[in-house]
Protein chains: 4
Amino acid sequence: MRGNSFGKMFSLTSFGESHGPAMGVVIDGVPANLDFDLTALQSELDRRAPGKVAGTTSRLESDIAEVLSGIFEGKTLGTPIAVIVRNTNQKSADYDKLKNDYRPGHADKTTQLKYGIRDHRGGGRASGRETVSRVIAGYFASLILPQVKVKAFVSKLGPFAYSALPENLNSSFGPYSYPDTTKNDEIKNYLEDLKSKGESVGGTVRIIVDNCPVGLGEPAFDKLKADLAKALLSIGAVVSFSYGLGEEMANMTGSTVSANSSSFGGMEGGISNGERMVMSITFKPTSTVGEKAKEGRHDPCIIPRAIPVVEAMVKIVLADHFLRQNAYAI
Amino acid sequence: MRGNSFGKMFSLTSFGESHGPAMGVVIDGVPANLDFDLTALQSELDRRAPGKVAGTTSRLESDIAEVLSGIFEGKTLGTPIAVIVRNTNQKSADYDKLKNDYRPGHADKTTQLKYGIRDHRGGGRASGRETVSRVIAGYFASLILPQVKVKAFVSKLGPFAYSALPENLNSSFGPYSYPDTTKNDEIKNYLEDLKSKGESVGGTVRIIVDNCPVGLGEPAFDKLKADLAKALLSIGAVVSFSYGLGEEMANMTGSTVSANSSSFGGMEGGISNGERMVMSITFKPTSTVGEKAKEGRHDPCIIPRAIPVVEAMVKIVLADHFLRQNAYAI
Amino acid sequence: MRGNSFGKMFSLTSFGESHGPAMGVVIDGVPANLDFDLTALQSELDRRAPGKVAGTTSRLESDIAEVLSGIFEGKTLGTPIAVIVRNTNQKSADYDKLKNDYRPGHADKTTQLKYGIRDHRGGGRASGRETVSRVIAGYFASLILPQVKVKAFVSKLGPFAYSALPENLNSSFGPYSYPDTTKNDEIKNYLEDLKSKGESVGGTVRIIVDNCPVGLGEPAFDKLKADLAKALLSIGAVVSFSYGLGEEMANMTGSTVSANSSSFGGMEGGISNGERMVMSITFKPTSTVGEKAKEGRHDPCIIPRAIPVVEAMVKIVLADHFLRQNAYAI
Amino acid sequence: MRGNSFGKMFSLTSFGESHGPAMGVVIDGVPANLDFDLTALQSELDRRAPGKVAGTTSRLESDIAEVLSGIFEGKTLGTPIAVIVRNTNQKSADYDKLKNDYRPGHADKTTQLKYGIRDHRGGGRASGRETVSRVIAGYFASLILPQVKVKAFVSKLGPFAYSALPENLNSSFGPYSYPDTTKNDEIKNYLEDLKSKGESVGGTVRIIVDNCPVGLGEPAFDKLKADLAKALLSIGAVVSFSYGLGEEMANMTGSTVSANSSSFGGMEGGISNGERMVMSITFKPTSTVGEKAKEGRHDPCIIPRAIPVVEAMVKIVLADHFLRQNAYAI
């Protein structure tokens with residue numbers, strides 16, 4: 001009830017402050033007898049790790065997944081799976097100056113007002129490090145729906161804009177998850193320049209889902225679009241969600257919209273229709289700007305690192321709804 | 001688990017097919033000893049009733065609220081409040097032609113695929129009539145937070161666009177909920193013209209919330225913005241959600257965003273900060289177009305009728321989060 | 001969160017005060033395409049109706065089930081099923097004297113303390129009439145597990161005690177649900193004598209479940225025995241629960257217990273093992289005694305009327321756990 | 001949905017197999033700003049540790065609590081509190097012989113049938129070690145209701161029976177939690193004798209709660225007695241629950257019962273009435289008997305070690321219901 005759990009049949013409970021002993025997650029609802037591959041899980045975590053992307057944070061933490069339960073001889077047991085990641089690079093002293101410095105747009109002030117106390121070191125619970133729990137859970141969600149392909153990519157980042165849906169979904173889009181990889185050097189320079197100025201930038205991420213089973217989503221309130229919106233808006237910096245034609249719909253007539261089934265982004269009546277799903281979300285610029293942002297650990301743009309988090313949240317929603325639908329197939 | 005309930009502490013369970021005996025809702029979690037006013041409840045229902053707005057559906061149903069439980073001598077008992085609205089104008093025969101006619105973008109096909117059966121008459125459970133449950137629950141939510149002002153209005157409808165935040169929130173914006181009421185005749189003509197063509201149109205609704213208590217919203221997953229997004233995307237025709245500066249954030253730098261606290265739409269870190277909340281949602285055009293849409297009962301634009309539904313969903317989320325936060329104030 | 005819902009996948013929400021307009025229930029989680037038989041549902045309701053058992057209440061209400069949603073052309077739609085029963089025999093005036101008269105062992109005083117308000121007419125929400133919601137839901141639960149046989153019977157009622165497990169589970173045990181039907185006249189006389197004295201009596205009910213699927217029950221907290229205990233203790237007058245050898249276990253050694261698999265009452269490790277399940281519950285005497293109890297509407301012993309309620313709660317738990325287990329069968 | 005979470009506002013999620021890396025628990029719903037005392041938490045864990053009670057298991061594990069999150073500078077943060085206990089004494093080889101040896105009355109067989117896989121080493125998830133999660137959560141529950149006194153004691157263990165309610169609730173009842181501590185040597189001899197015979201024994205525990213707030217418990221389904229029954233039946237070896245006069249009620253008349261308010265065990269209508277609460281539960285004998293039971297690690301009677309688990313579950317239920325009730329006090 002304090003909001004640290006997500007999902008009903010595939011349910012994860014997240015814990016950890018960024019400068020406490022560890023981040024972690026307990027996932028209850030992974031079916032038994034699925035093959036577990038620690039290397040694959042670690043690869044997912046590495047995708048969101050800092051220090052890998054030029055122009056982004058240099059903390060160089062290595063997030064090592066430690067599985068505490070739920071796995072036996074390489075298989076899921078059907079029991080809760082607990083995984084922790086130790087926080088190894090806790091230079092708390094660096095953060096003491098933030099104790100009474102509430103960053104605009106960040107959880108600093110509201111956390112203090114809500115609880116009357118907070119761990120001010122690096123954002124505490126509101127840190128982006130919380131998303132390791134989501135990436136871990138996303139790995140297990142993909143075990144349930146291995147055929148579903150979820151691909152997120154950067155469609156806008158500062159001056160860089162990619163408006164089409166890319167073709168080659170199976171190839172990597174590189175460190176910036178930008179489909180036109182010929183722009184990588186330009187993006188790198190752009191981000192380094194932002195960093196030197198103590199500046200940050202927002203952007204847009206699009207998500208494509210192929211091979212989603214038909215019939216996922218529960219009217220009236222747990223429509224698939226509603227749960228996807230919640231999942232994605234629960235990511236710290238996300239400020240908008242749309243699917244299908246999204247905001248363009250405001251300017252369109254019914255006959256135009258209805259003429260093309262892709263208008264509906266793979267969902268009709270809030271239920272998946274088996275077609276390609278397309279969603280779009282906006283990230284705001286990160287909150288830390290000015291001199292503080294020039295220090296090592298701050299990202300001028302978090303979006304590239306957020307891509308695996310976005311994909312994980314979508315996978316979690318789909319796995320959860322798949323199990324929900326499956327329950328009633330008697 | 002079939003998605004017909006919403007909210008945790010203030011929880012509503014909705015039921016009813018559009019052409020079954022009745023629509024209804026059970027609300028569990030209304031505190032005891034609050035004053036109940038049937039007339040006020042009925043007024044809210046009347047706001048979403050068809051047949052009141054020129055250019056919209058002429059079904060002329062009168063949705064009469066019948067309270068079955070939870071009220072005693074004008075007060076809430078703290079027990080579940082059940083309210084039903086009979087379906088009085090069920091011309092099922094009109095709909096038989098729809099039995100095998102799946103409207104694009106509507107729940108017809110996906111409902112059939114999901115359940116293997118459906119009540120095809122007028123959309124059944126997926127009908128807009130389901131929203132009476134939300135309006136009823138919204139009334140009770142407002143008893144919990146009477147000081148909070150939730151105002152939704154049309155900011156875009158076809159060629160009509162109102163980009164500012166209106167000043168006079170306490171006055172009615174008329175039958176189209178459009179702040180510039182001098183345009184009412186033009187809108188009326190526009191909608192009647194659409195109707196005559198068997199056409200429909202989408203639009204945008206903005207929502208302002210004033211006097212929201214500080215500290216509502218539960219990290220990590222039940223952030224206030226996440227639950228608001230879910231609540232609003234759970235409305236049938238809504239295809240996007242944003243708050244604060246929304247999609248504009250994609251083009252902005254951190255220093256620009258941080259310079260103005262209104263950028264964040266009243267929520268920081270997913271928790272209400274006590275400032276004005278601003279949200280925006282997009283409605284797609286309604287699914288029924290062509291000859292069918294020229295028949296009496298179809299709306300060329302459902303947005304004006306959806307306004308009380310939008311306001312209700314926001315009130316429900318706020319009341320739910322208020323009770324959740326209150327639980328821990330020991 | 002106010003406790004009026006039960007079950008996770010097969011979920012019912014109950015509402016209604018005994019002297020309000022209606023009792024009712026919304027059941028969310030009934031799979032689609034199951035055959036619905038209104039006559040069978042009504043029969044279950046009739047089993048708990050007053051006025052049928054000599055010696056019990058003479059209110060002579062007829063509880064008529066009215067289905068408001070979720071059924072179409074004789075089939076379940078997979079949408080929420082709402083059923084109400086009007087309260088037709090509300091002699092509220094009879095109860096006014098109870099306004100400030102808190103019956104020992106009844107909810108009168110605690111309801112007032114908890115909510116600061118109550119509907120004092122006939123117990124309001126705490127009335128035994130609330131159990132109509134359970135009987136209705138039990139009918140729908142039995143559609144999910146038609147092969148499972150749940151039989152409850154009176155094993156103790158005042159001086160009457162039946163310690164064996166009866167053989168003929170398919171036959172009716174008559175108005176008192178007592179397996180030795182040759183005692184019916186004696187029981188009738190006993191109850192009439194109690195009534196004339198303004199007295200009430202407690203008793204014991206045993207429950208046998210045959211053909212329960214293997215594997216129902218979720219460790220650690222939602223063990224089948226735990227959810228059955230909760231379900232049965234949620235019935236107003238029930239004060240104890242045991243299964244298998246129950247309290248006798250306190251006096252036994254492990255080798256004795258292990259020698260007979262029936263010791264475990266069909267559940268090992270909190271999970272059904274496919275063998276016969278046996279449970280036992282105790283009912284306390286009803287709270288109304290003395291002159292008031294001599295009036296027409298009070299039961300000297302509620303147990304015979306509670307039998308269908310007991311069976312319903314067991315069916316609900318089993319259906320819920322069946323759907324939960326089914327969700328993970330991928 | 002796989003049953004590893006308990007509580008709604010005070011919610012714990014348990015994980016861990018007995019011979020995996022660690023046991024643990026995440027508690028979401030502890031209010032912020034409460035004082036945390038690691039020594040006090042460890043003391044609770046020590047009470048259930050094996051190797052302390054003569055006649056019980058000699059595994060001599062030391063269960064060391066490691067707090068991973070939710071605590072900062074000696075205070076609760078209001079964020080999820082994760083605590084783990086490493087499994088240090090995992091002689092898995094000893095258990096290999098149990099791989100295909102299903103102990104009667106234990107989860108071995110049903111776990112295999114339910115999941116199609118199990119960790120057979122020492123019971124895996126079904127091991128009594130899972131109860132460390134409950135004891136840890138119970139400590140945090142007591143921070144919420146520090147004034148409530150929950151005392152469990154052995155009222156029956158083999159030939160030893162203590163039928164009264166003891167007076168001196170604040171004193172320790174020694175290693176066997178038996179109120180007549182003059183019997184300690186006799187109990188020790190009795191248990192050692194059982195052990196040498198490869199035998200086990202069941203027993204009865206009574207629970208007294210003093211100073212419980214008035215008004216806890218949510219009709220209709222989450223009555224306090226129902227949630228207490230579930231909580232206690234969720235403990236592996238518990239086979240019965242009763243409260244107040246319990247089974248004796250079956251033989252009593254309403255006037256006798258009503259003459260003494262203590263008949264109702266502190267709950268009327270399923271809601272706490274502020275009086276002393278009294279409950280009783282039965283433990284079956286442990287499942288391991290014969291030659292295996294003579295080996296070091298098996299308890300002839302688990303009840304003394306279960307006492308802190310029983311107390312913890314009661315505290316958890318009360319804390320959860322207290323927060324639930326508090327939510328609606330607006």
# chains A, B, ... in the order shown; residues from 1 in each chain; ligands from 1
$ closest_atom_pairs --of "range 186-227 of chain C" --to "range 281-299 of chain C" --cutoff "7 Å" --atoms "only C-alpha atoms" --output "tab-separated table"
residue	atom	partner	partner_atom	distance
C:Lys195	CA	C:Lys294	CA	5.9
C:Ser196	CA	C:Lys294	CA	6.1
C:Gly198	CA	C:Gly290	CA	4.5
C:Glu199	CA	C:Val289	CA	5.2
C:Ser200	CA	C:Pro285	CA	5.5
C:Val201	CA	C:Pro285	CA	4.4
C:Gly202	CA	C:Pro285	CA	3.9
C:Gly203	CA	C:Phe283	CA	5.3
C:Thr204	CA	C:Thr282	CA	4.5
C:Val205	CA	C:Ile281	CA	5.4
C:Arg206	CA	C:Ile281	CA	6.4
$ write_last_selection --atoms "all heavy atoms" --output "PDB file, in the first residue's frame"
ATOM      1  N   LYS C 195     -37.062 -22.027  22.106  1.00  0.00           N
ATOM      2  CA  LYS C 195     -37.730 -20.799  21.670  1.00  0.00           C
ATOM      3  C   LYS C 195     -38.693 -20.291  22.745  1.00  0.00           C
ATOM      4  O   LYS C 195     -38.732 -19.099  23.068  1.00  0.00           O
ATOM      5  CB  LYS C 195     -38.472 -21.084  20.366  1.00  0.00           C
ATOM      6  CG  LYS C 195     -39.290 -19.944  19.817  1.00  0.00           C
ATOM      7  CD  LYS C 195     -38.438 -18.972  19.041  1.00  0.00           C
ATOM      8  CE  LYS C 195     -39.242 -17.824  18.483  1.00  0.00           C
ATOM      9  NZ  LYS C 195     -38.385 -16.788  17.926  1.00  0.00           N
ATOM     10  N   SER C 196     -39.438 -21.191  23.273  1.00  0.00           N
ATOM     11  CA  SER C 196     -40.440 -20.793  24.267  1.00  0.00           C
ATOM     12  C   SER C 196     -39.777 -20.238  25.528  1.00  0.00           C
ATOM     13  O   SER C 196     -40.380 -19.473  26.268  1.00  0.00           O
ATOM     14  CB  SER C 196     -41.323 -21.991  24.623  1.00  0.00           C
ATOM     15  OG  SER C 196     -40.558 -22.953  25.342  1.00  0.00           O
ATOM     16  N   GLY C 198     -37.046 -18.442  25.401  1.00  0.00           N
ATOM     17  CA  GLY C 198     -36.208 -17.289  25.036  1.00  0.00           C
ATOM     18  C   GLY C 198     -34.743 -17.632  25.077  1.00  0.00           C
ATOM     19  O   GLY C 198     -33.905 -16.802  25.419  1.00  0.00           O
ATOM     20  N   GLU C 199     -34.425 -18.833  24.712  1.00  0.00           N
ATOM     21  CA  GLU C 199     -33.060 -19.320  24.835  1.00  0.00           C
ATOM     22  C   GLU C 199     -32.501 -19.652  23.459  1.00  0.00           C
ATOM     23  O   GLU C 199     -33.250 -19.818  22.482  1.00  0.00           O
ATOM     24  CB  GLU C 199     -33.079 -20.565  25.741  1.00  0.00           C
ATOM     25  CG  GLU C 199     -31.736 -21.085  26.171  1.00  0.00           C
ATOM     26  CD  GLU C 199     -30.885 -20.050  26.899  1.00  0.00           C
ATOM     27  OE1 GLU C 199     -30.270 -19.244  26.182  1.00  0.00           O
ATOM     28  OE2 GLU C 199     -30.843 -20.076  28.146  1.00  0.00           O
ATOM     29  N   SER C 200     -31.197 -19.736  23.363  1.00  0.00           N
ATOM     30  CA  SER C 200     -30.555 -20.162  22.120  1.00  0.00           C
ATOM     31  C   SER C 200     -29.474 -21.186  22.436  1.00  0.00           C
ATOM     32  O   SER C 200     -29.141 -21.397  23.593  1.00  0.00           O
ATOM     33  CB  SER C 200     -29.947 -18.960  21.394  1.00  0.00           C
ATOM     34  OG  SER C 200     -28.859 -18.431  22.129  1.00  0.00           O
ATOM     35  N   VAL C 201     -28.952 -21.805  21.385  1.00  0.00           N
ATOM     36  CA  VAL C 201     -27.948 -22.853  21.620  1.00  0.00           C
ATOM     37  C   VAL C 201     -26.928 -22.840  20.477  1.00  0.00           C
ATOM     38  O   VAL C 201     -27.245 -22.461  19.347  1.00  0.00           O
ATOM     39  CB  VAL C 201     -28.624 -24.235  21.746  1.00  0.00           C
ATOM     40  CG1 VAL C 201     -29.121 -24.736  20.382  1.00  0.00           C
ATOM     41  CG2 VAL C 201     -27.670 -25.270  22.355  1.00  0.00           C
ATOM     42  N   GLY C 202     -25.711 -23.236  20.810  1.00  0.00           N
ATOM     43  CA  GLY C 202     -24.650 -23.347  19.809  1.00  0.00           C
ATOM     44  C   GLY C 202     -24.560 -24.743  19.230  1.00  0.00           C
ATOM     45  O   GLY C 202     -25.453 -25.567  19.425  1.00  0.00           O
ATOM     46  N   GLY C 203     -23.477 -24.996  18.519  1.00  0.00           N
ATOM     47  CA  GLY C 203     -23.320 -26.318  17.933  1.00  0.00           C
ATOM     48  C   GLY C 203     -22.086 -26.408  17.056  1.00  0.00           C
ATOM     49  O   GLY C 203     -21.281 -25.477  16.968  1.00  0.00           O
ATOM     50  N   THR C 204     -21.980 -27.563  16.421  1.00  0.00           N
ATOM     51  CA  THR C 204     -20.808 -27.845  15.599  1.00  0.00           C
ATOM     52  C   THR C 204     -21.244 -28.289  14.209  1.00  0.00           C
ATOM     53  O   THR C 204     -22.223 -29.019  14.063  1.00  0.00           O
ATOM     54  CB  THR C 204     -19.959 -28.959  16.248  1.00  0.00           C
ATOM     55  OG1 THR C 204     -19.643 -28.576  17.584  1.00  0.00           O
ATOM     56  CG2 THR C 204     -18.678 -29.204  15.462  1.00  0.00           C
ATOM     57  N   VAL C 205     -20.499 -27.835  13.216  1.00  0.00           N
ATOM     58  CA  VAL C 205     -20.745 -28.258  11.839  1.00  0.00           C
ATOM     59  C   VAL C 205     -19.467 -28.886  11.301  1.00  0.00           C
ATOM     60  O   VAL C 205     -18.367 -28.362  11.526  1.00  0.00           O
ATOM     61  CB  VAL C 205     -21.165 -27.054  10.971  1.00  0.00           C
ATOM     62  CG1 VAL C 205     -21.134 -27.406   9.479  1.00  0.00           C
ATOM     63  CG2 VAL C 205     -22.552 -26.572  11.366  1.00  0.00           C
ATOM     64  N   ARG C 206     -19.631 -30.009  10.636  1.00  0.00           N
ATOM     65  CA  ARG C 206     -18.486 -30.604   9.950  1.00  0.00           C
ATOM     66  C   ARG C 206     -18.686 -30.442   8.442  1.00  0.00           C
ATOM     67  O   ARG C 206     -19.814 -30.402   7.945  1.00  0.00           O
ATOM     68  CB  ARG C 206     -18.331 -32.072  10.311  1.00  0.00           C
ATOM     69  CG  ARG C 206     -17.984 -32.232  11.785  1.00  0.00           C
ATOM     70  CD  ARG C 206     -17.649 -33.655  12.138  1.00  0.00           C
ATOM     71  NE  ARG C 206     -16.264 -33.995  11.781  1.00  0.00           N
ATOM     72  CZ  ARG C 206     -15.723 -35.167  12.029  1.00  0.00           C
ATOM     73  NH1 ARG C 206     -16.438 -36.140  12.585  1.00  0.00           N
ATOM     74  NH2 ARG C 206     -14.463 -35.408  11.710  1.00  0.00           N
TER      75      ARG C 206
END
$ select_by_dssp --residues "range 258-291 of chain B" --states "strand (DSSP E or B)" --output "list in words"
Met267, Glu268, Ile271, Ser272, Met277, Val278, Met279, Ser280, Ile281, Thr282 and Phe283 of chain B
$ write_last_selection --atoms "C-alpha atoms" --output "PDB file, in the first residue's frame"
ATOM      1  CA  MET B 267       3.928  16.716  -8.695  1.00  0.00           C
ATOM      2  CA  GLU B 268       7.599  16.165  -7.918  1.00  0.00           C
ATOM      3  CA  ILE B 271       4.163  13.146  -5.016  1.00  0.00           C
ATOM      4  CA  SER B 272       1.870  16.159  -4.896  1.00  0.00           C
ATOM      5  CA  MET B 277      -1.832  20.313 -10.845  1.00  0.00           C
ATOM      6  CA  VAL B 278      -2.232  20.425 -14.617  1.00  0.00           C
ATOM      7  CA  MET B 279      -2.810  17.426 -16.855  1.00  0.00           C
ATOM      8  CA  SER B 280      -3.773  16.892 -20.468  1.00  0.00           C
ATOM      9  CA  ILE B 281      -5.380  13.925 -22.221  1.00  0.00           C
ATOM     10  CA  THR B 282      -6.309  13.147 -25.796  1.00  0.00           C
ATOM     11  CA  PHE B 283      -9.555  11.539 -26.917  1.00  0.00           C
TER      12      PHE B 283
END
$ interface_residues --of "chain C" --to "chain B" --cutoff "6 Å" --atoms "only C-alpha atoms" --output "list in words"
Met1, Arg2, Met9, Phe15, Gly16, Pro21, Ala22, Gly29, Ala32, Leu68, Ser69, Pro80 and Tyr115 of chain C
$ atom_distance --atom1 "CA of Val150 in chain A" --atom2 "CA of Glu311 in chain A"
6.1 Å
$ select_by_dssp --residues "range 160-194 of chain C" --states "helix (DSSP H, G or I)" --output "count of residues only"
14
$ residues_around --residues "Asp222 in chain D" --least-positions-apart "2" --cutoff "9 Å" --atoms "only C-alpha atoms" --output "PyMOL selection string"
(chain C and resi 1-6+230+234) or (chain D and resi 217-220+224-227+270)
$ residues_around --residues "Ala137 in chain D" --least-positions-apart "2" --cutoff "8 Å" --atoms "only C-alpha atoms" --output "list in words"
Leu12, Val25, Ile27, Ser133, Arg134, Val135, Tyr139, Phe140, Ala141, Ala312 and Ile316 of chain D
$ atom_distance --atom1 "CA of Glu44 in chain C" --atom2 "CA of Pro308 in chain C"
7.1 Å
